[in-house]
Amino acid sequence: MATVPFGFDATRLPSVRGKTGPATARIQRRTLTIWLSLCLLGVLPWALGLSPALQALGLGLWIPGGGFFALGGWWALLFPLTLIVFILSLVAWFWAGAVIAPIAVWLGAALLAGALADGQNWTGAPFATFAAVAAVGLFFRNSNRKKAAIGAAQALAREKFLPQSLAEVEEMQRKAVDGRREMSRAQLAGLRYLLDRTLQPVESFDGFTIIDQFQPAALRYQINHMGFAMAVAQANYVPNFAGYMGLAQRNLIEKYLQKKVWDYWVLESCWGHLNFTNWDPANRDNIMLTGWFGAHVGGYMLATGDMRYLEPGSLTFKLNDRHQWAHDFKTIIASVDRNYASAEFGIFACEPNWIYPICNHYGMLSLATHDALLGTQLVDRHLPGWLHGLETEFTDAAGSTVGLRSQYTGLPVPFPVSEAGYSFFENAFMPSRARQQWAIARKELESLIVDEENGPRLSLPGEGLDAGNYRTGHAGTYGTILVAAREFGDKRIADAALAGLEHDCMPAVDDGVLRYRKASNIANATAILGALMETGDFARTFAEGAPKQALAGPMIEAMDYPDTLVASALSDGKNLEAVFYPGRDPGNRTIPVSRLEANGRYMLKGAVETEIIANEAGEASFSIKLHDRTEISLRRI
Amino acid sequence: MACCAFALFLVAQLLAPFRAMAKALGWSANWVPDPAVEWRPGLAMERGRRGFSVKRGLGAVVAIDLLLFAALTSSGMATNGASDSARSATDMLVHAYICGSERKAS
């Protein structure tokens, strides 16, 4: 967590909200200069009376498809069609970092118009093109002004309710849960959804959504969110259960290293950075890999105490026999560190050109895990610039974070991430701003809560969009709100979000495994994460990890999933208390334990044996009759 | 030739969001289970028609776009002076496929 003393006033929104930041302004000026130069170049063929082909090409430089006006008649209809293709090329740029797509469409249409020009051009063409440019400009100006006015009014309303809402959030956070925790049957059913998928062979991706590897449905995001949920379960409920819980999390990390998960970067490097030789995924940009995966691996190490990913080469990305990049947790975080050190906007890009503040929340989270594991102060080093960039370059008139900005043009793009989506991340490295984000979110969600007989229910309007499979659905949003509400101890909204999930997302429990059928894999993982959490769990997991004392104590090594389920396992460093459930048929189970004192004698309660003696290696096992909830206690004699 | 090829290319792109919108509005299909979420250990994962059709559709769109773009560029460049006989076989094939073999392109 940050140790830099911030003068952050959570009751106020950034004073520079809605203004264009210095980096954005500089890049936008550069974009405008390039465009004006193109316009000037486009005018020359008309001014100098050059050939019709050059005149058509010239108008095509003003605006995509503008050159078709020069051809006159029905040809002009190609102008709006080109604009549509241009918008689609922007989508391709956004979707997969294909920087060349819009350039190809713009210049391609200009060249085509030039090639088609034959004989006399239409004399009204320059005026028609100018009118089209002016119309597009006016449309955006009016739209921006409207948005700014609505945003300014929203900001005033927010500053009015913030002090009260903040006080309520602080009060809720004080009621944090302490001591040994135990997963309920419902929580275990959710965890089993993850275990089913993570305990299959590393190269198998059954139960994962496979559509594309560029945008939100990509495998990498599913893997990371499943890893986050498992780290939270590990650190807060079963820090002293290694066994299949540890194996499942390592499988996820190994899965991430499979080529199909990360080789999107080869393409993005080529068509985005025009880099055809070095496709190291942890080098330039790509915070969607380094930040997310860094936080995932860091979370695993903090939750388990297993430091294997600090070893050089432990996270090697192998493309083929000739191309591989040997990394480990430290080198991946070093990439985040390096990119932040040179980030003009204070934060840096995912795909070439596209800067997403949400990915930079994962990025800062990854630094927090590094600090917690290795005693560095990377958060202190980068948080001031990160926050400055966020406030000056990425804050709209309402005080909300602009979801996406183009690094090369400085232009913003609508991308929906709410205050709730940012809040729980910030709780791990900047709790004061985190509280502010949640204080805003909870008040603005209130109007969507319906009070029913069984309690409050969140009812989101419309069909929604599940970013995890590009289908309609609200599961991802409910899940995110649930995670945030639980992080801040906001019981009313957490209950409402959970009720929304139950009501709208078709929950089903088969063979003791919970899933939301109207939700993608990543939305299920997020919902399960939320359902596992209690107040402050996210921050605790990624900025502190499992209790150090617990990690020094005995470890349950059970590998018989799903026969033996572990709902709780906590040590005080010497003794161990645990709770088991049968996952399938009831019966006798053998529970192996490690990290006992060599040759130490232990007294058992709740097991078949009443006493066990560890071997030289500090290992022993005991038996339990597992019919229902079974609690055991292991004490050093 | 160039006009019809380019127009079709543009129209195909133009229609894509409407098709997606129709689907989103439920005009084309009811809710179908997500095979990833329905999967359970021991079962082979059903490969959802949707996932594969998206992949295939994307591939087809890219392939068609590339073909049309190639046709468009070659014919566009050749229009000012080249005769039909000078056009490439691909060019003629695309034209015949899109506009009919007997029609004269603009």
# chains A, B, ... in the order shown; residues from 1 in each chain; ligands from 1
$ residues_around --residues "His370 in chain A" --least-positions-apart "2" --cutoff "12 Å" --atoms "only C-alpha atoms" --output "VMD selection string"
chain A and resid 1 291 294 to 302 307 309 to 310 328 to 334 336 to 337 363 to 368 372 to 380 429 542 to 545
$ residues_around --residues "Gly108 in chain A" --least-positions-apart "4" --cutoff "10 Å" --atoms "only C-alpha atoms" --output "VMD selection string"
(chain A and resid 57 60 64 to 65 102 to 104 112 to 114) or (chain B and resid 69 73)
$ interface_residues --of "chain A" --to "chain B" --cutoff "9 Å" --atoms "only C-alpha atoms" --output "number ranges by chain"
A: 75, 78, 81-82, 84-85, 88, 108, 112-113, 115-118, 193, 196-197, 200, 206-212, 463, 469, 471-472, 515-521, 524
$ write_last_selection --atoms "N, CA and C atoms" --output "short mmCIF file (atom, residue, chain, number, x, y, z; two decimals), in the first residue's frame"
data_model
loop_
_atom_site.label_atom_id
_atom_site.label_comp_id
_atom_site.auth_asym_id
_atom_site.auth_seq_id
_atom_site.Cartn_x
_atom_site.Cartn_y
_atom_site.Cartn_z
N TRP A 75 -21.57 8.94 -57.61
CA TRP A 75 -20.32 8.58 -56.94
C TRP A 75 -20.27 9.15 -55.52
N LEU A 78 -20.66 7.20 -52.35
CA LEU A 78 -19.57 6.43 -51.74
C LEU A 78 -18.97 7.15 -50.53
N LEU A 81 -20.66 5.91 -47.34
CA LEU A 81 -20.27 4.51 -47.17
C LEU A 81 -18.82 4.39 -46.71
N THR A 82 -17.97 5.26 -47.26
CA THR A 82 -16.56 5.23 -46.82
C THR A 82 -16.45 5.62 -45.35
N ILE A 84 -18.56 5.03 -43.08
CA ILE A 84 -18.94 3.86 -42.27
C ILE A 84 -17.78 2.86 -42.21
N VAL A 85 -17.15 2.64 -43.35
CA VAL A 85 -16.00 1.72 -43.35
C VAL A 85 -14.88 2.28 -42.47
N LEU A 88 -15.62 1.52 -39.02
CA LEU A 88 -15.31 0.10 -38.78
C LEU A 88 -13.80 -0.12 -38.65
N GLY A 108 -6.57 4.77 -48.77
CA GLY A 108 -7.04 3.89 -49.84
C GLY A 108 -8.21 4.51 -50.58
N LEU A 112 -8.25 5.64 -54.43
CA LEU A 112 -9.27 5.08 -55.31
C LEU A 112 -10.01 6.18 -56.06
N ALA A 113 -10.38 7.22 -55.30
CA ALA A 113 -11.07 8.35 -55.96
C ALA A 113 -10.18 8.93 -57.05
N ALA A 115 -7.86 7.39 -58.71
CA ALA A 115 -7.75 6.44 -59.82
C ALA A 115 -9.00 6.44 -60.69
N LEU A 116 -10.15 6.70 -60.06
CA LEU A 116 -11.41 6.67 -60.81
C LEU A 116 -11.69 7.96 -61.56
N ALA A 117 -11.03 9.06 -61.13
CA ALA A 117 -11.30 10.37 -61.74
C ALA A 117 -10.94 10.33 -63.22
N ASP A 118 -11.87 10.77 -64.02
CA ASP A 118 -11.67 10.69 -65.47
C ASP A 118 -12.34 11.92 -66.08
N TYR A 193 -16.74 -24.44 -9.19
CA TYR A 193 -16.80 -24.06 -10.62
C TYR A 193 -15.38 -23.77 -11.12
N ASP A 196 -13.08 -27.11 -11.01
CA ASP A 196 -13.36 -28.02 -12.14
C ASP A 196 -12.54 -27.63 -13.36
N ARG A 197 -12.41 -26.35 -13.58
CA ARG A 197 -11.72 -25.87 -14.79
C ARG A 197 -10.21 -25.80 -14.63
N GLN A 200 -7.98 -29.47 -14.57
CA GLN A 200 -7.79 -30.27 -15.79
C GLN A 200 -6.36 -30.05 -16.29
N ASP A 206 -11.11 -26.76 -21.71
CA ASP A 206 -12.54 -27.04 -21.60
C ASP A 206 -13.13 -26.14 -20.51
N GLY A 207 -14.31 -25.62 -20.76
CA GLY A 207 -14.95 -24.74 -19.79
C GLY A 207 -14.49 -23.30 -19.87
N PHE A 208 -13.65 -23.00 -20.84
CA PHE A 208 -13.21 -21.62 -21.07
C PHE A 208 -13.86 -21.12 -22.36
N THR A 209 -14.19 -19.84 -22.39
CA THR A 209 -14.75 -19.25 -23.61
C THR A 209 -13.61 -18.99 -24.59
N ILE A 210 -13.80 -19.47 -25.81
CA ILE A 210 -12.78 -19.20 -26.83
C ILE A 210 -13.47 -18.54 -28.02
N ILE A 211 -13.29 -17.25 -28.15
CA ILE A 211 -13.86 -16.52 -29.29
C ILE A 211 -12.72 -15.79 -30.02
N ASP A 212 -12.16 -14.79 -29.35
CA ASP A 212 -11.01 -14.09 -29.93
C ASP A 212 -10.01 -13.85 -28.80
N GLU A 463 -30.82 -4.86 -21.81
CA GLU A 463 -30.34 -6.23 -21.96
C GLU A 463 -28.92 -6.40 -21.43
N ASN A 469 -18.46 -12.91 -23.42
CA ASN A 469 -18.82 -13.73 -24.59
C ASN A 469 -19.58 -12.92 -25.63
N ARG A 471 -22.34 -11.55 -25.56
CA ARG A 471 -23.78 -11.75 -25.62
C ARG A 471 -24.45 -10.73 -24.72
N THR A 472 -25.76 -10.68 -24.78
CA THR A 472 -26.46 -9.80 -23.86
C THR A 472 -26.41 -10.43 -22.46
N ARG A 515 -23.11 -22.51 -11.05
CA ARG A 515 -22.76 -21.69 -12.20
C ARG A 515 -23.95 -20.80 -12.53
N TYR A 516 -23.65 -19.67 -13.14
CA TYR A 516 -24.70 -18.80 -13.65
C TYR A 516 -24.76 -19.05 -15.15
N ARG A 517 -25.87 -19.64 -15.58
CA ARG A 517 -25.94 -20.07 -16.99
C ARG A 517 -26.03 -18.89 -17.94
N LYS A 518 -26.63 -17.80 -17.47
CA LYS A 518 -26.71 -16.62 -18.34
C LYS A 518 -25.53 -15.71 -18.05
N ALA A 519 -24.35 -16.27 -18.06
CA ALA A 519 -23.14 -15.50 -17.79
C ALA A 519 -21.98 -16.19 -18.48
N SER A 520 -21.02 -15.41 -18.90
CA SER A 520 -19.83 -15.98 -19.53
C SER A 520 -18.94 -16.60 -18.45
N ASN A 521 -17.87 -17.23 -18.87
CA ASN A 521 -16.94 -17.82 -17.91
C ASN A 521 -16.33 -16.75 -17.01
N ASN A 524 -18.84 -15.47 -14.54
CA ASN A 524 -18.99 -16.43 -13.45
C ASN A 524 -17.85 -16.29 -12.45
#
$ atom_distance --atom1 "CA of Lys443 in chain A" --atom2 "CA of Asn427 in chain A"
18.3 Å
$ atom_distance --atom1 "CA of Gly67 in chain A" --atom2 "CA of Leu48 in chain A"
17.0 Å
$ atom_distance --atom1 "CA of Leu194 in chain A" --atom2 "CA of Val232 in chain A"
12.5 Å
$ select_by_dssp --residues "range 386-529 of chain A" --states "strand (DSSP E or B)" --output "list in words"
Thr395, Thr401, Leu404, Arg405, Ser406, Pro412, Val413, Ile449, Val450, Asp451, Glu452, Gly455, Pro456, Arg457, Leu458, Asp466, Arg471, Pro507, Ala508, Val509, Asp510, Val513, Leu514, Arg515 and Tyr516 of chain A
$ closest_residue --among "A:Ala218, A:Ile624, A:Val593, A:Leu482" --to "Ile522 in chain A" --atoms "only C-alpha atoms"
A:Ala218
$ select_by_dssp --residues "range 527-570 of chain A" --states "alpha helix (DSSP H)" --output "number ranges by chain"
A: 527-532, 537-543, 548-551
$ residues_around --residues "Ala607 in chain A" --least-positions-apart "3" --cutoff "7 Å" --atoms "only C-alpha atoms" --output "ChimeraX atom specification"
/A:604,610,622-624,632
$ write_last_selection --atoms "C-alpha atoms" --output "PDB file, in the first residue's frame"
ATOM      1  CA  LEU A 604      -6.119 -34.438  17.161  1.00  0.00           C
ATOM      2  CA  THR A 610      -6.418 -38.828  18.628  1.00  0.00           C
ATOM      3  CA  PHE A 622      -4.786 -38.650   9.718  1.00  0.00           C
ATOM      4  CA  SER A 623      -8.233 -39.979   8.874  1.00  0.00           C
ATOM      5  CA  ILE A 624     -11.658 -38.445   9.133  1.00  0.00           C
ATOM      6  CA  ILE A 632     -10.733 -30.944  13.161  1.00  0.00           C
TER       7      ILE A 632
END
